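Remarks on the structure that follows.
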Amino acid sequence: MKKFRKLYGLLLLGLLFVSILYGIEQLTQSEMTQLESEQLERYFYKHPDVYAWVRIDGTRIDYPIVQHPTDDSYYLSHDLDGAETYYGAIFTELVNTKSFDDPVTIIYGHAITDESMFGSLDYFADQQFFKDHTQITIDTLNYRYEYEIVAAHPYLDDHLFHSFQLGTREGLKAYLDTLKERVETYGGAYRHLSIDSESDRVLILSTCDAVSDAYRYVVTAKLITVTERTDI
């Protein structure tokens with residue numbers, strides 16, 4: 001009888017465990033989006049320089065984006081809490097607004113050897129990976145921006161925003177007109193996608209190149225959709 005009660009107790013415990021797991025699964029399916037949004041909102045308010053979040057499926061890139069109010073170089077060597085670190089943070093410079101309304105927005109990050117920060121950006125050097133992974137997602141408190149990747153390639157260690165005058169539509173046209181040529185010259189991947197330099201918005205992710213300090217690795221993408229976030 002005692003053995004039966006013990007088995008019965010174990011059975012009840014097992015059923016309770018299954019119920020808990022089922023409840024977690026139900027939460028994942030129906031409420032996780034809201035939960036993630038609330039966590040995101042708290043994170044933004046905790047760190048005043050954070051204004052967006054970038055994600056790329058298939059990579060380790062899933063990070064907040066920051067912009068220092070006065071010093072473009074600050075987040076090259078500091079984390080979100082202001083501590084010095086060679087990891088730095090994922091950031092934009094003051095030449096860009098925080099609204100993603102500019103003709104071109106450039107996001108920077110270090111290529112760390114443990115693949116953190118932008119250390120997995122060069123996954124796109126693999127042609128199959130480039131073919132299979134096409135989207136970059138950026139979330140702010142109010143909007144979700146979805147970009148389709150056009151090109152990924154090494155390039156000279158130039159300040160792209162200034163060398164191509166990417167704050168202007170004319171500069172963007174020059175950048176886009178020579179993009180395929182740069183991919184062919186420096187080696188990389190390219191996807192034909194019509195981009196109107198007069199109206200479309202472009203995102204560039206830029207990091208140091210793993211092969212040479214004289215180069216950077218650059219991913220270029222076109223803004224496809226902007227949707228208002230209703231989950232916050």
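Labels for the structure tokens follow display order: chains A, B, ..., residues from 1 in each chain, ligands from 1.
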Within 8 Å of His192 of chain A using only C-alpha atoms, minus same-chain residues under 2 positions, as an mmCIF file with all heavy atoms, in the first residue's frame:
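Saved the output as result.cif:
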data_model
loop_
_atom_site.group_PDB
_atom_site.id
_atom_site.type_symbol
_atom_site.label_atom_id
_atom_site.label_comp_id
_atom_site.auth_asym_id
_atom_site.auth_seq_id
_atom_site.Cartn_x
_atom_site.Cartn_y
_atom_site.Cartn_z
ATOM 1 N N VAL A 150 21.486 43.433 -49.200
ATOM 2 C CA VAL A 150 21.829 43.558 -50.614
ATOM 3 C C VAL A 150 23.248 43.060 -50.886
ATOM 4 O O VAL A 150 23.494 42.399 -51.904
ATOM 5 C CB VAL A 150 21.715 45.033 -51.072
ATOM 6 C CG1 VAL A 150 22.043 45.171 -52.551
ATOM 7 C CG2 VAL A 150 20.333 45.581 -50.767
ATOM 8 N N TYR A 190 26.462 39.454 -53.409
ATOM 9 C CA TYR A 190 25.598 40.539 -53.881
ATOM 10 C C TYR A 190 24.251 39.965 -54.276
ATOM 11 O O TYR A 190 24.173 38.895 -54.883
ATOM 12 C CB TYR A 190 26.248 41.251 -55.069
ATOM 13 C CG TYR A 190 25.434 42.392 -55.632
ATOM 14 C CD1 TYR A 190 25.505 43.662 -55.064
ATOM 15 C CD2 TYR A 190 24.593 42.193 -56.730
ATOM 16 C CE1 TYR A 190 24.763 44.724 -55.584
ATOM 17 C CE2 TYR A 190 23.848 43.247 -57.252
ATOM 18 C CZ TYR A 190 23.934 44.504 -56.681
ATOM 19 O OH TYR A 190 23.195 45.538 -57.189
ATOM 20 N N SER A 194 16.366 46.292 -56.432
ATOM 21 C CA SER A 194 16.205 47.672 -56.888
ATOM 22 C C SER A 194 16.118 48.627 -55.696
ATOM 23 O O SER A 194 15.325 48.423 -54.777
ATOM 24 C CB SER A 194 14.940 47.794 -57.746
ATOM 25 O OG SER A 194 14.740 49.139 -58.150
#
I'd like to know which residues of segment 28-174 of chain A are alpha helix (DSSP H) (by DSSP, run on the backbone); could you write them as a PyMOL selection string? chain A and resi 28-30+32-46+127-132+160-163+169-174
Considering only strand (DSSP E or B) as DSSP defines it on the backbone, what residues of chain A qualify? List them as a ChimeraX atom specification. /A:50-55,62-66,78,84,91,104-108,111,117,135-139,143-156,189-190,202-208,215-228
At a cut-off of 10 Å, using only C-alpha atoms, what residues contact Thr168 of chain A? Leave out same-chain residues fewer than 2 positions from it and give the result as an mmCIF file with all heavy atoms, in the first residue's frame.
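Resulting contents of around.cif:
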data_model
loop_
_atom_site.group_PDB
_atom_site.id
_atom_site.type_symbol
_atom_site.label_atom_id
_atom_site.label_comp_id
_atom_site.auth_asym_id
_atom_site.auth_seq_id
_atom_site.Cartn_x
_atom_site.Cartn_y
_atom_site.Cartn_z
ATOM 1 N N ASP A 102 17.172 58.792 -42.012
ATOM 2 C CA ASP A 102 18.250 59.267 -42.875
ATOM 3 C C ASP A 102 18.336 58.426 -44.142
ATOM 4 O O ASP A 102 17.955 57.247 -44.138
ATOM 5 C CB ASP A 102 19.589 59.196 -42.140
ATOM 6 C CG ASP A 102 19.614 60.067 -40.884
ATOM 7 O OD1 ASP A 102 19.044 61.172 -40.938
ATOM 8 O OD2 ASP A 102 20.190 59.635 -39.880
ATOM 9 N N PRO A 103 18.879 58.986 -45.232
ATOM 10 C CA PRO A 103 19.113 58.164 -46.422
ATOM 11 C C PRO A 103 19.928 56.910 -46.096
ATOM 12 O O PRO A 103 19.648 55.826 -46.603
ATOM 13 C CB PRO A 103 19.881 59.109 -47.358
ATOM 14 C CG PRO A 103 19.455 60.483 -46.955
ATOM 15 C CD PRO A 103 19.256 60.401 -45.461
ATOM 16 N N VAL A 104 20.936 57.076 -45.234
ATOM 17 C CA VAL A 104 21.779 55.953 -44.817
ATOM 18 C C VAL A 104 22.019 56.038 -43.315
ATOM 19 O O VAL A 104 22.371 57.101 -42.788
ATOM 20 C CB VAL A 104 23.138 55.959 -45.535
ATOM 21 C CG1 VAL A 104 23.996 54.781 -45.055
ATOM 22 C CG2 VAL A 104 22.965 55.888 -47.040
ATOM 23 N N PHE A 161 30.651 57.086 -44.364
ATOM 24 C CA PHE A 161 29.698 58.199 -44.357
ATOM 25 C C PHE A 161 30.309 59.444 -44.989
ATOM 26 O O PHE A 161 29.649 60.155 -45.766
ATOM 27 C CB PHE A 161 29.239 58.500 -42.928
ATOM 28 C CG PHE A 161 27.976 59.319 -42.864
ATOM 29 C CD1 PHE A 161 26.740 58.701 -42.758
ATOM 30 C CD2 PHE A 161 28.020 60.702 -42.925
ATOM 31 C CE1 PHE A 161 25.567 59.447 -42.713
ATOM 32 C CE2 PHE A 161 26.853 61.463 -42.881
ATOM 33 C CZ PHE A 161 25.622 60.827 -42.782
ATOM 34 N N PHE A 164 31.804 58.762 -48.997
ATOM 35 C CA PHE A 164 30.748 58.713 -50.002
ATOM 36 C C PHE A 164 29.704 59.816 -49.822
ATOM 37 O O PHE A 164 28.731 59.865 -50.571
ATOM 38 C CB PHE A 164 30.039 57.355 -49.971
ATOM 39 C CG PHE A 164 30.799 56.253 -50.656
ATOM 40 C CD1 PHE A 164 31.647 55.429 -49.932
ATOM 41 C CD2 PHE A 164 30.673 56.041 -52.020
ATOM 42 C CE1 PHE A 164 32.349 54.402 -50.551
ATOM 43 C CE2 PHE A 164 31.360 55.029 -52.651
ATOM 44 C CZ PHE A 164 32.213 54.203 -51.913
ATOM 45 N N GLN A 165 29.902 60.660 -48.808
ATOM 46 C CA GLN A 165 28.930 61.724 -48.507
ATOM 47 C C GLN A 165 27.517 61.143 -48.385
ATOM 48 O O GLN A 165 26.570 61.585 -49.047
ATOM 49 C CB GLN A 165 28.978 62.810 -49.588
ATOM 50 C CG GLN A 165 30.324 63.490 -49.673
ATOM 51 C CD GLN A 165 30.368 64.609 -50.710
ATOM 52 O OE1 GLN A 165 29.347 64.958 -51.309
ATOM 53 N NE2 GLN A 165 31.541 65.171 -50.922
ATOM 54 N N LEU A 166 27.404 60.165 -47.510
ATOM 55 C CA LEU A 166 26.157 59.406 -47.398
ATOM 56 C C LEU A 166 25.047 60.162 -46.668
ATOM 57 O O LEU A 166 23.938 59.650 -46.537
ATOM 58 C CB LEU A 166 26.426 58.069 -46.713
ATOM 59 C CG LEU A 166 27.263 57.097 -47.548
ATOM 60 C CD1 LEU A 166 27.542 55.811 -46.776
ATOM 61 C CD2 LEU A 166 26.580 56.774 -48.876
ATOM 62 N N GLU A 170 22.692 62.296 -53.288
ATOM 63 C CA GLU A 170 23.694 62.150 -54.333
ATOM 64 C C GLU A 170 24.789 61.178 -53.905
ATOM 65 O O GLU A 170 25.256 60.352 -54.698
ATOM 66 C CB GLU A 170 24.310 63.517 -54.667
ATOM 67 C CG GLU A 170 23.350 64.518 -55.286
ATOM 68 C CD GLU A 170 22.436 65.184 -54.263
ATOM 69 O OE1 GLU A 170 22.644 64.994 -53.034
ATOM 70 O OE2 GLU A 170 21.503 65.888 -54.695
ATOM 71 N N GLY A 171 25.195 61.285 -52.640
ATOM 72 C CA GLY A 171 26.204 60.374 -52.120
ATOM 73 C C GLY A 171 25.697 58.943 -52.079
ATOM 74 O O GLY A 171 26.432 57.999 -52.397
ATOM 75 N N LEU A 172 24.438 58.777 -51.691
ATOM 76 C CA LEU A 172 23.859 57.434 -51.672
ATOM 77 C C LEU A 172 23.823 56.845 -53.079
ATOM 78 O O LEU A 172 24.113 55.663 -53.267
ATOM 79 C CB LEU A 172 22.445 57.481 -51.083
ATOM 80 C CG LEU A 172 21.657 56.163 -51.115
ATOM 81 C CD1 LEU A 172 22.412 55.050 -50.395
ATOM 82 C CD2 LEU A 172 20.277 56.355 -50.501
ATOM 83 N N LYS A 173 23.479 57.663 -54.073
ATOM 84 C CA LYS A 173 23.448 57.178 -55.453
ATOM 85 C C LYS A 173 24.826 56.681 -55.882
ATOM 86 O O LYS A 173 24.954 55.608 -56.491
ATOM 87 C CB LYS A 173 22.970 58.272 -56.406
ATOM 88 C CG LYS A 173 22.804 57.813 -57.854
ATOM 89 C CD LYS A 173 22.277 58.927 -58.733
ATOM 90 C CE LYS A 173 21.951 58.409 -60.132
ATOM 91 N NZ LYS A 173 23.111 57.762 -60.780
ATOM 92 N N SER A 197 17.648 55.704 -54.942
ATOM 93 C CA SER A 197 18.480 56.558 -54.099
ATOM 94 C C SER A 197 17.778 57.845 -53.694
ATOM 95 O O SER A 197 18.203 58.534 -52.767
ATOM 96 C CB SER A 197 19.789 56.901 -54.821
ATOM 97 O OG SER A 197 19.527 57.596 -56.025
ATOM 98 N N GLU A 198 16.669 58.176 -54.380
ATOM 99 C CA GLU A 198 15.941 59.396 -54.057
ATOM 100 C C GLU A 198 14.900 59.209 -52.954
ATOM 101 O O GLU A 198 14.463 60.181 -52.343
ATOM 102 C CB GLU A 198 15.245 59.927 -55.323
ATOM 103 C CG GLU A 198 16.205 60.462 -56.368
ATOM 104 C CD GLU A 198 17.043 61.620 -55.846
ATOM 105 O OE1 GLU A 198 16.474 62.486 -55.153
ATOM 106 O OE2 GLU A 198 18.250 61.646 -56.115
#
What are the closest atom pairs, with distances in Å to one decimal, for each residue of segment 34-66 of chain A lying within 12 Å of segment 71-94 of chain A, using only C-alpha atoms, rows by chain and rising residue number, as a tab-separated table?
residue	atom	partner	partner_atom	distance
A:Tyr43	CA	A:Leu80	CA	10.6
A:Phe44	CA	A:Leu80	CA	10.8
A:Lys46	CA	A:Asp81	CA	9.6
A:His47	CA	A:Leu80	CA	6.8
A:Pro48	CA	A:Leu80	CA	9.2
A:Asp49	CA	A:Leu80	CA	7.8
A:Val50	CA	A:Leu80	CA	8.0
A:Tyr51	CA	A:Phe91	CA	9.8
A:Ala52	CA	A:Phe91	CA	9.7
A:Trp53	CA	A:Ile90	CA	9.3
A:Val54	CA	A:Ile90	CA	8.9
A:Arg55	CA	A:Ile90	CA	11.5
A:Ile61	CA	A:Ile90	CA	9.7
A:Asp62	CA	A:Ile90	CA	9.9
A:Tyr63	CA	A:Ile90	CA	7.0
A:Pro64	CA	A:Ile90	CA	6.7
A:Ile65	CA	A:Phe91	CA	5.1
A:Val66	CA	A:Phe91	CA	4.6
Take the residues just selected and output them with N, CA and C atoms as a tab-separated table (two decimals), in the first residue's frame.
chain	number	residue	atom	x	y	z
A	43	TYR	N	14.62	47.90	-20.48
A	43	TYR	CA	16.03	48.02	-20.84
A	43	TYR	C	16.33	49.40	-21.40
A	44	PHE	N	15.45	49.89	-22.26
A	44	PHE	CA	15.64	51.21	-22.85
A	44	PHE	C	15.69	52.29	-21.76
A	46	LYS	N	16.44	51.95	-18.65
A	46	LYS	CA	17.58	51.77	-17.75
A	46	LYS	C	18.84	52.40	-18.33
A	47	HIS	N	18.98	52.36	-19.66
A	47	HIS	CA	20.17	52.87	-20.33
A	47	HIS	C	19.76	53.99	-21.28
A	48	PRO	N	19.92	55.23	-20.91
A	48	PRO	CA	19.39	56.35	-21.70
A	48	PRO	C	19.99	56.49	-23.09
A	49	ASP	N	21.19	55.94	-23.32
A	49	ASP	CA	21.79	56.04	-24.66
A	49	ASP	C	21.26	54.96	-25.61
A	50	VAL	N	20.56	53.97	-25.07
A	50	VAL	CA	19.98	52.92	-25.92
A	50	VAL	C	18.72	53.45	-26.58
A	51	TYR	N	18.63	53.29	-27.89
A	51	TYR	CA	17.43	53.76	-28.58
A	51	TYR	C	16.86	52.75	-29.57
A	52	ALA	N	17.54	51.62	-29.77
A	52	ALA	CA	17.05	50.62	-30.71
A	52	ALA	C	17.71	49.28	-30.40
A	53	TRP	N	17.24	48.25	-31.09
A	53	TRP	CA	17.78	46.90	-30.91
A	53	TRP	C	17.90	46.25	-32.28
A	54	VAL	N	19.04	45.61	-32.55
A	54	VAL	CA	19.28	44.99	-33.85
A	54	VAL	C	19.40	43.47	-33.69
A	55	ARG	N	18.77	42.74	-34.62
A	55	ARG	CA	18.83	41.28	-34.64
A	55	ARG	C	19.03	40.79	-36.07
A	61	ILE	N	24.18	38.21	-33.53
A	61	ILE	CA	23.87	39.63	-33.40
A	61	ILE	C	22.45	39.82	-32.88
A	62	ASP	N	22.37	40.25	-31.64
A	62	ASP	CA	21.09	40.47	-30.94
A	62	ASP	C	21.41	41.45	-29.80
A	63	TYR	N	21.52	42.72	-30.17
A	63	TYR	CA	22.09	43.70	-29.25
A	63	TYR	C	21.34	45.03	-29.28
A	64	PRO	N	21.44	45.77	-28.18
A	64	PRO	CA	20.95	47.15	-28.18
A	64	PRO	C	21.87	48.03	-29.02
A	65	ILE	N	21.31	49.09	-29.57
A	65	ILE	CA	22.07	50.10	-30.31
A	65	ILE	C	22.09	51.37	-29.47
A	66	VAL	N	23.27	51.97	-29.34
A	66	VAL	CA	23.42	53.17	-28.53
A	66	VAL	C	23.98	54.31	-29.38
Which neighbours of segment 175-189 of chain A fall inside 7 Å, counting only C-alpha atoms, when residues of the same chain fewer than 3 positions from it are skipped, and could you give them as a list in words?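 That gives Ala125, Gln127, Phe130, Ala151, Ala152, His153, Pro154, Tyr155, Phe164, Gly171 and Leu172 of chain A.
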May I ask for the distance between atom CA of Asn96 of chain A and atom CA of Leu223 of chain A, given in Å to one decimal place? 15.6 Å
Using only C-alpha atoms, tabulate the residues of segment 136-221 of chain A lying at most 10 Å from any atom of segment 110-120 of chain A, each with its closest atom pair and that distance in Å to one decimal, by chain and increasing residue number, as JSON lines.
{"residue": "A:Leu205", "atom": "CA", "partner": "A:Phe118", "partner_atom": "CA", "distance": 8.6}
{"residue": "A:Ser206", "atom": "CA", "partner": "A:Phe118", "partner_atom": "CA", "distance": 8.3}
{"residue": "A:Thr207", "atom": "CA", "partner": "A:His110", "partner_atom": "CA", "distance": 5.6}
{"residue": "A:Cys208", "atom": "CA", "partner": "A:Ala111", "partner_atom": "CA", "distance": 5.8}
{"residue": "A:Asp209", "atom": "CA", "partner": "A:Ala111", "partner_atom": "CA", "distance": 7.3}
{"residue": "A:Ala210", "atom": "CA", "partner": "A:Ala111", "partner_atom": "CA", "distance": 7.3}
{"residue": "A:Arg216", "atom": "CA", "partner": "A:Ala111", "partner_atom": "CA", "distance": 9.7}
{"residue": "A:Tyr217", "atom": "CA", "partner": "A:Ala111", "partner_atom": "CA", "distance": 9.1}
Using the selection just defined, write its residues with all heavy atoms as an mmCIF file, in the first residue's frame.
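Output file result.cif is given in full below:
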data_model
loop_
_atom_site.group_PDB
_atom_site.id
_atom_site.type_symbol
_atom_site.label_atom_id
_atom_site.label_comp_id
_atom_site.auth_asym_id
_atom_site.auth_seq_id
_atom_site.Cartn_x
_atom_site.Cartn_y
_atom_site.Cartn_z
ATOM 1 N N LEU A 205 25.936 47.976 -41.875
ATOM 2 C CA LEU A 205 26.610 47.474 -40.681
ATOM 3 C C LEU A 205 28.093 47.391 -41.004
ATOM 4 O O LEU A 205 28.477 46.824 -42.030
ATOM 5 C CB LEU A 205 26.079 46.095 -40.276
ATOM 6 C CG LEU A 205 24.565 45.960 -40.095
ATOM 7 C CD1 LEU A 205 24.232 44.570 -39.558
ATOM 8 C CD2 LEU A 205 24.022 47.027 -39.170
ATOM 9 N N SER A 206 28.934 47.932 -40.145
ATOM 10 C CA SER A 206 30.364 48.028 -40.435
ATOM 11 C C SER A 206 31.171 47.548 -39.236
ATOM 12 O O SER A 206 30.921 47.959 -38.099
ATOM 13 C CB SER A 206 30.722 49.480 -40.774
ATOM 14 O OG SER A 206 32.109 49.623 -41.009
ATOM 15 N N THR A 207 32.153 46.696 -39.515
ATOM 16 C CA THR A 207 33.008 46.182 -38.450
ATOM 17 C C THR A 207 34.415 45.979 -38.981
ATOM 18 O O THR A 207 34.640 46.007 -40.204
ATOM 19 C CB THR A 207 32.459 44.864 -37.882
ATOM 20 O OG1 THR A 207 33.190 44.511 -36.702
ATOM 21 C CG2 THR A 207 32.559 43.729 -38.890
ATOM 22 N N CYS A 208 35.378 45.771 -38.095
ATOM 23 C CA CYS A 208 36.739 45.506 -38.535
ATOM 24 C C CYS A 208 36.801 44.145 -39.220
ATOM 25 O O CYS A 208 36.052 43.228 -38.881
ATOM 26 C CB CYS A 208 37.706 45.568 -37.362
ATOM 27 S SG CYS A 208 37.126 44.777 -35.848
ATOM 28 N N ASP A 209 37.675 44.027 -40.209
ATOM 29 C CA ASP A 209 37.806 42.789 -40.972
ATOM 30 C C ASP A 209 38.738 41.831 -40.244
ATOM 31 O O ASP A 209 39.759 42.237 -39.683
ATOM 32 C CB ASP A 209 38.349 43.098 -42.368
ATOM 33 C CG ASP A 209 38.341 41.877 -43.267
ATOM 34 O OD1 ASP A 209 37.275 41.524 -43.783
ATOM 35 O OD2 ASP A 209 39.414 41.273 -43.435
ATOM 36 N N ALA A 210 38.379 40.547 -40.250
ATOM 37 C CA ALA A 210 39.169 39.551 -39.522
ATOM 38 C C ALA A 210 40.518 39.269 -40.175
ATOM 39 O O ALA A 210 41.442 38.779 -39.533
ATOM 40 C CB ALA A 210 38.374 38.250 -39.413
ATOM 41 N N ARG A 216 37.634 46.778 -43.638
ATOM 42 C CA ARG A 216 36.466 46.575 -42.801
ATOM 43 C C ARG A 216 35.551 45.581 -43.504
ATOM 44 O O ARG A 216 35.699 45.325 -44.707
ATOM 45 C CB ARG A 216 35.733 47.890 -42.545
ATOM 46 C CG ARG A 216 36.574 48.904 -41.801
ATOM 47 C CD ARG A 216 35.767 50.081 -41.339
ATOM 48 N NE ARG A 216 34.760 49.728 -40.337
ATOM 49 C CZ ARG A 216 35.034 49.518 -39.047
ATOM 50 N NH1 ARG A 216 36.271 49.600 -38.600
ATOM 51 N NH2 ARG A 216 34.062 49.224 -38.208
ATOM 52 N N TYR A 217 34.612 45.018 -42.754
ATOM 53 C CA TYR A 217 33.608 44.154 -43.362
ATOM 54 C C TYR A 217 32.284 44.899 -43.301
ATOM 55 O O TYR A 217 31.883 45.394 -42.241
ATOM 56 C CB TYR A 217 33.511 42.809 -42.630
ATOM 57 C CG TYR A 217 32.783 41.781 -43.464
ATOM 58 C CD1 TYR A 217 33.424 41.130 -44.500
ATOM 59 C CD2 TYR A 217 31.438 41.505 -43.234
ATOM 60 C CE1 TYR A 217 32.751 40.205 -45.290
ATOM 61 C CE2 TYR A 217 30.762 40.588 -44.017
ATOM 62 C CZ TYR A 217 31.432 39.935 -45.047
ATOM 63 O OH TYR A 217 30.757 39.031 -45.839
#
Could you check which of A:Gly109, A:Gln135, A:Lys222, A:His159 is closest to Ser199 of chain A, using only C-alpha atoms?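 With only C-alpha atoms as the atom set, the closest residue is A:Lys222.
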So which residues touch Gly58 of chain A within 9 Å, counting only C-alpha atoms, skipping near sequence neighbours fewer than 4 positions away, as a PDB file with all heavy atoms, in the first residue's frame?
ATOM      1  N   TYR A 123      29.772  35.918 -41.173  1.00  0.00           N
ATOM      2  CA  TYR A 123      29.084  34.714 -41.632  1.00  0.00           C
ATOM      3  C   TYR A 123      28.605  34.906 -43.069  1.00  0.00           C
ATOM      4  O   TYR A 123      28.504  33.946 -43.837  1.00  0.00           O
ATOM      5  CB  TYR A 123      27.853  34.421 -40.762  1.00  0.00           C
ATOM      6  CG  TYR A 123      28.121  33.864 -39.389  1.00  0.00           C
ATOM      7  CD1 TYR A 123      29.401  33.736 -38.872  1.00  0.00           C
ATOM      8  CD2 TYR A 123      27.046  33.482 -38.570  1.00  0.00           C
ATOM      9  CE1 TYR A 123      29.617  33.240 -37.593  1.00  0.00           C
ATOM     10  CE2 TYR A 123      27.251  32.971 -37.298  1.00  0.00           C
ATOM     11  CZ  TYR A 123      28.527  32.863 -36.812  1.00  0.00           C
ATOM     12  OH  TYR A 123      28.723  32.362 -35.556  1.00  0.00           O
ATOM     13  N   PHE A 129      25.196  30.979 -46.789  1.00  0.00           N
ATOM     14  CA  PHE A 129      24.627  31.720 -45.657  1.00  0.00           C
ATOM     15  C   PHE A 129      24.002  33.020 -46.150  1.00  0.00           C
ATOM     16  O   PHE A 129      22.905  33.390 -45.732  1.00  0.00           O
ATOM     17  CB  PHE A 129      25.705  32.009 -44.615  1.00  0.00           C
ATOM     18  CG  PHE A 129      25.165  32.636 -43.360  1.00  0.00           C
ATOM     19  CD1 PHE A 129      24.748  31.855 -42.300  1.00  0.00           C
ATOM     20  CD2 PHE A 129      25.059  34.030 -43.239  1.00  0.00           C
ATOM     21  CE1 PHE A 129      24.229  32.427 -41.138  1.00  0.00           C
ATOM     22  CE2 PHE A 129      24.549  34.610 -42.096  1.00  0.00           C
ATOM     23  CZ  PHE A 129      24.133  33.808 -41.043  1.00  0.00           C
ATOM     24  N   HIS A 133      20.021  33.810 -45.547  1.00  0.00           N
ATOM     25  CA  HIS A 133      19.699  34.800 -44.509  1.00  0.00           C
ATOM     26  C   HIS A 133      19.655  36.184 -45.150  1.00  0.00           C
ATOM     27  O   HIS A 133      20.685  36.711 -45.582  1.00  0.00           O
ATOM     28  CB  HIS A 133      20.724  34.755 -43.381  1.00  0.00           C
ATOM     29  CG  HIS A 133      20.769  33.438 -42.681  1.00  0.00           C
ATOM     30  ND1 HIS A 133      21.486  32.364 -43.182  1.00  0.00           N
ATOM     31  CD2 HIS A 133      20.175  33.002 -41.544  1.00  0.00           C
ATOM     32  CE1 HIS A 133      21.337  31.326 -42.365  1.00  0.00           C
ATOM     33  NE2 HIS A 133      20.552  31.689 -41.370  1.00  0.00           N
TER      34      HIS A 133
END
